[in-house]
$ cat model.cif   # mmCIF, N, CA and C atoms
data_work
loop_
_atom_site.label_atom_id
_atom_site.label_comp_id
_atom_site.auth_asym_id
_atom_site.auth_seq_id
_atom_site.Cartn_x
_atom_site.Cartn_y
_atom_site.Cartn_z
N MET A 13 18.71 2.90 -18.38
CA MET A 13 19.40 3.86 -17.57
C MET A 13 20.86 3.94 -17.98
N LYS A 14 21.41 2.81 -18.28
CA LYS A 14 22.81 2.78 -18.70
C LYS A 14 22.97 3.48 -20.05
N ASP A 15 22.09 3.14 -21.00
CA ASP A 15 22.18 3.71 -22.35
C ASP A 15 21.98 5.23 -22.36
N PHE A 16 21.05 5.71 -21.53
CA PHE A 16 20.75 7.14 -21.51
C PHE A 16 21.62 7.94 -20.56
N GLY A 17 22.42 7.27 -19.75
CA GLY A 17 23.28 7.98 -18.82
C GLY A 17 22.51 8.69 -17.72
N THR A 18 21.43 8.07 -17.26
CA THR A 18 20.58 8.65 -16.23
C THR A 18 21.38 8.97 -14.97
N THR A 19 21.23 10.20 -14.47
CA THR A 19 21.96 10.61 -13.27
C THR A 19 21.06 10.77 -12.06
N MET A 20 19.72 10.87 -12.28
CA MET A 20 18.79 11.07 -11.18
C MET A 20 17.49 10.32 -11.46
N ILE A 21 16.87 9.80 -10.38
CA ILE A 21 15.62 9.06 -10.52
C ILE A 21 14.69 9.45 -9.38
N HIS A 22 13.38 9.45 -9.65
CA HIS A 22 12.36 9.68 -8.64
C HIS A 22 11.57 8.38 -8.54
N ALA A 23 11.69 7.68 -7.39
CA ALA A 23 11.10 6.35 -7.26
C ALA A 23 10.79 6.04 -5.81
N THR A 24 10.05 4.97 -5.60
CA THR A 24 9.81 4.50 -4.24
C THR A 24 11.07 3.80 -3.72
N PRO A 25 11.25 3.75 -2.40
CA PRO A 25 12.40 3.02 -1.85
C PRO A 25 12.40 1.55 -2.27
N SER A 26 11.24 0.92 -2.30
CA SER A 26 11.20 -0.49 -2.68
C SER A 26 11.62 -0.68 -4.14
N TYR A 27 11.28 0.26 -5.01
CA TYR A 27 11.72 0.15 -6.41
C TYR A 27 13.23 0.31 -6.51
N LEU A 28 13.82 1.18 -5.70
CA LEU A 28 15.27 1.34 -5.72
C LEU A 28 15.97 0.06 -5.27
N LEU A 29 15.39 -0.63 -4.29
CA LEU A 29 15.95 -1.93 -3.88
C LEU A 29 15.83 -2.95 -5.03
N HIS A 30 14.69 -2.93 -5.71
CA HIS A 30 14.49 -3.80 -6.87
C HIS A 30 15.50 -3.46 -7.97
N LEU A 31 15.72 -2.17 -8.19
CA LEU A 31 16.69 -1.73 -9.20
C LEU A 31 18.09 -2.26 -8.89
N HIS A 32 18.47 -2.18 -7.62
CA HIS A 32 19.78 -2.70 -7.22
C HIS A 32 19.87 -4.20 -7.50
N ALA A 33 18.82 -4.94 -7.15
CA ALA A 33 18.80 -6.39 -7.38
C ALA A 33 18.87 -6.69 -8.87
N ALA A 34 18.19 -5.90 -9.69
CA ALA A 34 18.22 -6.12 -11.14
C ALA A 34 19.60 -5.84 -11.72
N ILE A 35 20.25 -4.79 -11.23
CA ILE A 35 21.61 -4.47 -11.70
C ILE A 35 22.55 -5.62 -11.37
N GLU A 36 22.48 -6.11 -10.15
CA GLU A 36 23.33 -7.24 -9.75
C GLU A 36 22.94 -8.52 -10.50
N GLY A 37 21.63 -8.75 -10.61
CA GLY A 37 21.14 -9.98 -11.25
C GLY A 37 21.53 -10.09 -12.71
N GLU A 38 21.65 -8.95 -13.38
CA GLU A 38 22.03 -8.94 -14.80
C GLU A 38 23.55 -8.94 -14.99
N GLY A 39 24.28 -8.92 -13.87
CA GLY A 39 25.73 -8.98 -13.94
C GLY A 39 26.42 -7.66 -14.24
N TYR A 40 25.69 -6.56 -14.12
CA TYR A 40 26.31 -5.26 -14.33
C TYR A 40 27.12 -4.86 -13.11
N ASP A 41 28.11 -4.03 -13.32
CA ASP A 41 28.84 -3.41 -12.23
C ASP A 41 28.23 -2.04 -12.00
N ARG A 42 28.06 -1.67 -10.75
CA ARG A 42 27.44 -0.40 -10.42
C ARG A 42 28.17 0.78 -11.09
N SER A 43 29.46 0.67 -11.28
CA SER A 43 30.24 1.76 -11.87
C SER A 43 29.90 2.00 -13.35
N GLU A 44 29.16 1.08 -13.97
CA GLU A 44 28.75 1.25 -15.36
C GLU A 44 27.61 2.25 -15.50
N PHE A 45 27.00 2.64 -14.39
CA PHE A 45 25.87 3.56 -14.39
C PHE A 45 26.30 4.92 -13.88
N LYS A 46 25.63 5.97 -14.37
CA LYS A 46 25.94 7.34 -13.96
C LYS A 46 25.00 7.84 -12.86
N LEU A 47 24.12 6.99 -12.37
CA LEU A 47 23.14 7.39 -11.36
C LEU A 47 23.86 7.95 -10.13
N ARG A 48 23.45 9.15 -9.69
CA ARG A 48 24.09 9.82 -8.56
C ARG A 48 23.11 10.20 -7.45
N LYS A 49 21.83 10.44 -7.80
CA LYS A 49 20.86 10.91 -6.81
C LYS A 49 19.50 10.29 -7.07
N ALA A 50 18.71 10.20 -5.99
CA ALA A 50 17.33 9.73 -6.11
C ALA A 50 16.45 10.55 -5.18
N ILE A 51 15.23 10.77 -5.62
CA ILE A 51 14.19 11.36 -4.77
C ILE A 51 13.21 10.23 -4.51
N THR A 52 12.91 9.99 -3.22
CA THR A 52 11.99 8.91 -2.88
C THR A 52 10.73 9.46 -2.24
N GLY A 53 9.68 8.70 -2.35
CA GLY A 53 8.41 9.06 -1.73
C GLY A 53 7.41 7.96 -1.97
N ALA A 54 6.16 8.24 -1.64
CA ALA A 54 5.01 7.36 -1.88
C ALA A 54 4.95 6.16 -0.96
N GLU A 55 5.96 5.95 -0.15
CA GLU A 55 5.90 4.92 0.88
C GLU A 55 6.88 5.30 1.99
N PRO A 56 6.53 4.99 3.22
CA PRO A 56 7.42 5.36 4.34
C PRO A 56 8.69 4.52 4.33
N HIS A 57 9.76 5.13 4.83
CA HIS A 57 11.01 4.39 4.98
C HIS A 57 11.83 5.02 6.11
N SER A 58 12.65 4.20 6.71
CA SER A 58 13.46 4.65 7.84
C SER A 58 14.79 5.21 7.35
N GLU A 59 15.49 5.86 8.27
CA GLU A 59 16.84 6.33 7.94
C GLU A 59 17.75 5.14 7.66
N GLU A 60 17.52 4.04 8.37
CA GLU A 60 18.32 2.83 8.14
C GLU A 60 18.14 2.32 6.71
N LEU A 61 16.90 2.31 6.22
CA LEU A 61 16.65 1.86 4.85
C LEU A 61 17.26 2.85 3.86
N ARG A 62 17.17 4.13 4.14
CA ARG A 62 17.78 5.13 3.25
C ARG A 62 19.29 4.86 3.12
N ARG A 63 19.96 4.67 4.25
CA ARG A 63 21.40 4.41 4.24
C ARG A 63 21.71 3.11 3.48
N LYS A 64 20.88 2.10 3.68
CA LYS A 64 21.09 0.82 3.00
C LYS A 64 21.04 1.01 1.48
N ILE A 65 20.02 1.73 0.99
CA ILE A 65 19.89 1.95 -0.45
C ILE A 65 21.03 2.83 -0.96
N GLN A 66 21.36 3.87 -0.20
CA GLN A 66 22.47 4.74 -0.60
C GLN A 66 23.76 3.94 -0.75
N ASN A 67 24.01 3.06 0.21
CA ASN A 67 25.23 2.24 0.16
C ASN A 67 25.21 1.24 -1.00
N LYS A 68 24.06 0.60 -1.21
CA LYS A 68 23.97 -0.40 -2.29
C LYS A 68 24.14 0.24 -3.67
N LEU A 69 23.49 1.40 -3.86
CA LEU A 69 23.53 2.03 -5.18
C LEU A 69 24.63 3.09 -5.30
N GLY A 70 25.23 3.47 -4.19
CA GLY A 70 26.27 4.49 -4.24
C GLY A 70 25.75 5.86 -4.63
N ILE A 71 24.55 6.21 -4.14
CA ILE A 71 23.91 7.48 -4.51
C ILE A 71 23.44 8.21 -3.25
N HIS A 72 23.05 9.47 -3.41
CA HIS A 72 22.40 10.23 -2.34
C HIS A 72 20.90 10.14 -2.56
N ILE A 73 20.15 9.96 -1.46
CA ILE A 73 18.70 9.85 -1.54
C ILE A 73 18.06 10.98 -0.74
N TYR A 74 17.09 11.65 -1.38
CA TYR A 74 16.36 12.75 -0.76
C TYR A 74 14.89 12.37 -0.71
N ASN A 75 14.25 12.65 0.42
CA ASN A 75 12.85 12.30 0.60
C ASN A 75 11.96 13.41 0.08
N CYS A 76 10.75 13.05 -0.34
CA CYS A 76 9.76 14.05 -0.73
C CYS A 76 8.42 13.67 -0.11
N TYR A 77 7.53 14.63 -0.04
CA TYR A 77 6.21 14.41 0.51
C TYR A 77 5.18 14.94 -0.47
N GLY A 78 4.11 14.20 -0.62
CA GLY A 78 3.03 14.64 -1.47
C GLY A 78 1.81 13.78 -1.25
N MET A 79 0.71 14.17 -1.86
CA MET A 79 -0.52 13.38 -1.84
C MET A 79 -1.32 13.72 -3.08
N SER A 80 -2.08 12.78 -3.54
CA SER A 80 -2.84 12.98 -4.78
C SER A 80 -3.71 14.21 -4.72
N GLU A 81 -4.30 14.48 -3.56
CA GLU A 81 -5.19 15.63 -3.43
C GLU A 81 -4.46 16.96 -3.59
N LEU A 82 -3.15 16.93 -3.44
CA LEU A 82 -2.35 18.16 -3.54
C LEU A 82 -1.36 18.10 -4.70
N ASN A 83 -1.78 17.53 -5.82
CA ASN A 83 -0.94 17.50 -7.01
C ASN A 83 0.17 16.47 -6.94
N GLY A 84 -0.03 15.38 -6.21
CA GLY A 84 0.95 14.30 -6.16
C GLY A 84 2.22 14.70 -5.44
N PRO A 85 3.35 14.11 -5.83
CA PRO A 85 4.61 14.48 -5.15
C PRO A 85 4.92 15.94 -5.44
N GLY A 86 5.56 16.56 -4.51
CA GLY A 86 5.94 17.95 -4.75
C GLY A 86 5.47 18.92 -3.71
N VAL A 87 4.87 18.47 -2.63
CA VAL A 87 4.46 19.38 -1.56
C VAL A 87 5.70 19.83 -0.80
N ALA A 88 6.60 18.89 -0.52
CA ALA A 88 7.82 19.22 0.23
C ALA A 88 8.94 18.29 -0.19
N PHE A 89 10.16 18.81 -0.14
CA PHE A 89 11.36 18.04 -0.48
C PHE A 89 12.46 18.32 0.53
N GLU A 90 13.37 17.37 0.65
CA GLU A 90 14.57 17.58 1.43
C GLU A 90 15.59 18.36 0.59
N CYS A 91 16.45 19.09 1.28
CA CYS A 91 17.57 19.74 0.61
C CYS A 91 18.81 18.87 0.77
N ILE A 92 19.96 19.37 0.36
CA ILE A 92 21.19 18.58 0.39
C ILE A 92 21.62 18.19 1.80
N PHE A 93 21.11 18.89 2.83
CA PHE A 93 21.50 18.59 4.20
C PHE A 93 20.72 17.42 4.80
N GLN A 94 19.63 17.01 4.18
CA GLN A 94 18.82 15.86 4.59
C GLN A 94 18.43 15.91 6.07
N THR A 95 17.99 17.06 6.53
CA THR A 95 17.59 17.21 7.94
C THR A 95 16.11 17.52 8.10
N GLY A 96 15.34 17.30 7.08
CA GLY A 96 13.91 17.58 7.12
C GLY A 96 13.47 18.14 5.77
N MET A 97 12.17 18.26 5.61
CA MET A 97 11.65 18.71 4.33
C MET A 97 11.26 20.18 4.36
N HIS A 98 11.30 20.78 3.19
CA HIS A 98 10.91 22.18 3.01
C HIS A 98 9.65 22.21 2.13
N ILE A 99 8.61 22.88 2.60
CA ILE A 99 7.38 23.02 1.82
C ILE A 99 7.62 24.04 0.71
N TRP A 100 7.09 23.76 -0.46
CA TRP A 100 7.18 24.71 -1.56
C TRP A 100 6.22 25.85 -1.26
N GLU A 101 6.74 26.89 -0.65
CA GLU A 101 5.90 27.98 -0.16
C GLU A 101 5.34 28.86 -1.28
N ASP A 102 5.84 28.71 -2.49
CA ASP A 102 5.25 29.46 -3.60
C ASP A 102 4.00 28.77 -4.14
N ARG A 103 3.73 27.54 -3.69
CA ARG A 103 2.56 26.80 -4.15
C ARG A 103 1.59 26.41 -3.03
N TYR A 104 2.08 26.38 -1.79
CA TYR A 104 1.27 25.90 -0.68
C TYR A 104 1.36 26.84 0.51
N ILE A 105 0.26 26.93 1.23
CA ILE A 105 0.24 27.59 2.52
C ILE A 105 -0.13 26.51 3.52
N ALA A 106 0.73 26.28 4.50
CA ALA A 106 0.49 25.20 5.47
C ALA A 106 0.45 25.78 6.87
N GLU A 107 -0.53 25.36 7.64
CA GLU A 107 -0.64 25.76 9.04
C GLU A 107 -1.11 24.57 9.87
N ILE A 108 -0.72 24.55 11.15
CA ILE A 108 -1.26 23.58 12.09
C ILE A 108 -2.32 24.32 12.90
N LEU A 109 -3.56 23.81 12.87
CA LEU A 109 -4.68 24.49 13.50
C LEU A 109 -5.25 23.67 14.65
N ASN A 110 -5.73 24.36 15.67
CA ASN A 110 -6.48 23.73 16.74
C ASN A 110 -7.76 23.19 16.11
N PRO A 111 -8.07 21.88 16.25
CA PRO A 111 -9.24 21.31 15.58
C PRO A 111 -10.57 21.85 16.10
N GLU A 112 -10.57 22.48 17.28
CA GLU A 112 -11.82 23.00 17.83
C GLU A 112 -12.03 24.48 17.51
N THR A 113 -10.95 25.25 17.54
CA THR A 113 -11.07 26.70 17.32
C THR A 113 -10.61 27.13 15.94
N PHE A 114 -9.90 26.25 15.25
CA PHE A 114 -9.30 26.54 13.94
C PHE A 114 -8.30 27.69 13.98
N GLU A 115 -7.76 27.95 15.17
CA GLU A 115 -6.71 28.94 15.32
C GLU A 115 -5.36 28.26 15.18
N PRO A 116 -4.35 28.95 14.66
CA PRO A 116 -3.01 28.36 14.58
C PRO A 116 -2.49 28.00 15.97
N VAL A 117 -1.82 26.83 16.09
CA VAL A 117 -1.33 26.37 17.38
C VAL A 117 0.18 26.50 17.53
N GLY A 118 0.89 26.85 16.50
CA GLY A 118 2.34 26.96 16.60
C GLY A 118 3.02 25.70 16.09
N LYS A 119 4.32 25.68 16.24
CA LYS A 119 5.12 24.62 15.62
C LYS A 119 5.25 23.36 16.45
N VAL A 120 4.98 23.39 17.74
CA VAL A 120 5.29 22.23 18.58
C VAL A 120 4.06 21.55 19.17
N LYS A 121 2.89 21.98 18.81
CA LYS A 121 1.68 21.39 19.38
C LYS A 121 0.93 20.58 18.32
N PRO A 122 0.25 19.49 18.75
CA PRO A 122 -0.55 18.72 17.79
C PRO A 122 -1.78 19.51 17.36
N GLY A 123 -2.29 19.15 16.21
CA GLY A 123 -3.49 19.80 15.69
C GLY A 123 -3.83 19.22 14.34
N ASN A 124 -4.58 19.96 13.54
CA ASN A 124 -4.91 19.56 12.18
C ASN A 124 -4.06 20.38 11.22
N TRP A 125 -3.43 19.69 10.26
CA TRP A 125 -2.63 20.40 9.26
C TRP A 125 -3.56 20.83 8.15
N LEU A 126 -3.57 22.11 7.87
CA LEU A 126 -4.37 22.65 6.78
C LEU A 126 -3.41 23.10 5.70
N SER A 127 -3.61 22.63 4.49
CA SER A 127 -2.76 23.03 3.38
C SER A 127 -3.64 23.59 2.28
N LEU A 128 -3.29 24.77 1.81
CA LEU A 128 -3.98 25.37 0.67
C LEU A 128 -3.05 25.29 -0.53
N PHE A 129 -3.56 24.78 -1.63
CA PHE A 129 -2.77 24.60 -2.84
C PHE A 129 -3.24 25.60 -3.88
N TYR A 130 -2.32 26.36 -4.41
CA TYR A 130 -2.63 27.32 -5.46
C TYR A 130 -1.92 26.91 -6.74
N ALA A 131 -2.66 26.75 -7.82
CA ALA A 131 -2.05 26.35 -9.09
C ALA A 131 -2.59 27.27 -10.19
N GLY A 132 -1.79 28.23 -10.56
CA GLY A 132 -2.19 29.12 -11.65
C GLY A 132 -3.46 29.88 -11.32
N THR A 133 -4.43 29.81 -12.21
CA THR A 133 -5.67 30.57 -12.04
C THR A 133 -6.80 29.73 -11.47
N ARG A 134 -6.52 28.50 -11.10
CA ARG A 134 -7.56 27.63 -10.54
C ARG A 134 -7.93 28.05 -9.13
N CYS A 135 -9.04 27.55 -8.66
CA CYS A 135 -9.46 27.81 -7.29
C CYS A 135 -8.54 27.09 -6.31
N PRO A 136 -8.29 27.67 -5.15
CA PRO A 136 -7.46 26.97 -4.17
C PRO A 136 -8.15 25.71 -3.66
N LEU A 137 -7.37 24.71 -3.34
CA LEU A 137 -7.86 23.45 -2.80
C LEU A 137 -7.30 23.31 -1.39
N SER A 138 -8.15 22.99 -0.43
CA SER A 138 -7.64 22.80 0.92
C SER A 138 -7.76 21.34 1.32
N VAL A 139 -6.77 20.88 2.06
CA VAL A 139 -6.73 19.51 2.56
C VAL A 139 -6.32 19.57 4.01
N THR A 140 -6.97 18.78 4.86
CA THR A 140 -6.58 18.73 6.27
C THR A 140 -6.14 17.33 6.63
N ALA A 141 -5.22 17.25 7.58
CA ALA A 141 -4.74 15.97 8.09
C ALA A 141 -4.41 16.16 9.56
N ARG A 142 -4.56 15.13 10.35
CA ARG A 142 -4.26 15.18 11.79
C ARG A 142 -2.76 15.13 12.01
N VAL A 143 -2.23 16.04 12.82
CA VAL A 143 -0.82 16.07 13.17
C VAL A 143 -0.72 15.81 14.66
N THR A 144 0.06 14.80 15.06
CA THR A 144 0.22 14.50 16.48
C THR A 144 1.66 14.59 16.90
#

$ encode --input "model.cif" --output "structure tokens"
Amino acid sequence: MKDFGTTMIHATPSYLLHLHAAIEGEGYDRSEFKLRKAITGAEPHSEELRRKIQNKLGIHIYNCYGMSELNGPGVAFECIFQTGMHIWEDRYIAEILNPETFEPVGKVKPGNWLSLFYAGTRCPLSVTARVT
């Protein structure tokens, strides 16, 4: 990372903690690295952990959401305001449906999340998950 001047990384929060420990353990100073931003995902983390990693590495961290069934990471990402994620609406159609009627329930009610993934000329793939 130091040799290549890496400015951004996509990693799990636990790997970023490991990275910080490795930088310190090898005797490097954080200022020797150009890392400025990270995208995290693949494991849950709290706002407290986000702030801890941001402070240790001196970077901004943005969360992402994805699942293997929907092309891995990349379903949704946070923007610079870090107040929630935005679904990539050019690739996914997401709705919360009543599990009994399959009708949309709106933004504030629990239901089943239905996501349709469109990738080029392939057939759409749908995935459902319970939203409470």

$ residues_near_point --input "model.cif" --point "(8.3, 7.4, -6.2)" --cutoff "12 Å" --atoms "only C-alpha atoms" --output "ChimeraX atom specification"
/A:21-28,50-57,73-79,84-86

$ axis_aligned_box --input "model.cif" --around "range 23-26 of chain A" --padding-each-side "8 Å" --output "AutoDock Vina command-line options"
--center_x 11.1 --center_y 3.5 --center_z -4.6 --size_x 18.6 --size_y 24.4 --size_z 21.5

$ atom_distance --input "model.cif" --atom1 "CA of Gly17 in chain A" --atom2 "CA of Arg62 in chain A"
22.9 Å

$ atom_distance --input "model.cif" --atom1 "atom C of Asp41 in chain A" --atom2 "atom N of Glu59 in chain A"
25.2 Å

$ atom_distance --input "model.cif" --atom1 "atom C of Lys14 in chain A" --atom2 "atom N of Leu29 in chain A"
18.0 Å

$ decode --input "model.cif" --residues "range 98-122 of chain A" --atoms "C-alpha atoms" --output "mmCIF file, in the first residue's frame"
data_model
loop_
_atom_site.group_PDB
_atom_site.id
_atom_site.type_symbol
_atom_site.label_atom_id
_atom_site.label_comp_id
_atom_site.auth_asym_id
_atom_site.auth_seq_id
_atom_site.Cartn_x
_atom_site.Cartn_y
_atom_site.Cartn_z
ATOM 1 C CA HIS A 98 -28.462 4.242 -1.656
ATOM 2 C CA ILE A 99 -29.511 1.298 -3.842
ATOM 3 C CA TRP A 100 -28.018 1.257 -7.322
ATOM 4 C CA GLU A 101 -31.329 1.816 -9.050
ATOM 5 C CA ASP A 102 -29.876 1.272 -12.514
ATOM 6 C CA ARG A 103 -29.161 -2.364 -11.568
ATOM 7 C CA TYR A 104 -31.763 -3.268 -8.935
ATOM 8 C CA ILE A 105 -35.454 -2.859 -8.294
ATOM 9 C CA ALA A 106 -36.230 -3.165 -4.588
ATOM 10 C CA GLU A 107 -39.623 -3.276 -2.900
ATOM 11 C CA ILE A 108 -40.952 -4.227 0.532
ATOM 12 C CA LEU A 109 -43.903 -6.592 0.021
ATOM 13 C CA ASN A 110 -46.617 -7.926 2.287
ATOM 14 C CA PRO A 111 -45.621 -11.624 2.640
ATOM 15 C CA GLU A 112 -49.255 -12.750 2.309
ATOM 16 C CA THR A 113 -50.555 -10.564 -0.515
ATOM 17 C CA PHE A 114 -47.248 -9.681 -2.210
ATOM 18 C CA GLU A 115 -48.471 -6.092 -2.457
ATOM 19 C CA PRO A 116 -46.069 -3.222 -1.682
ATOM 20 C CA VAL A 117 -46.360 -2.115 1.965
ATOM 21 C CA GLY A 118 -44.577 1.230 1.855
ATOM 22 C CA LYS A 119 -41.444 2.476 3.533
ATOM 23 C CA VAL A 120 -42.265 2.109 7.231
ATOM 24 C CA LYS A 121 -43.905 -1.299 7.543
ATOM 25 C CA PRO A 122 -42.235 -4.721 7.925
#
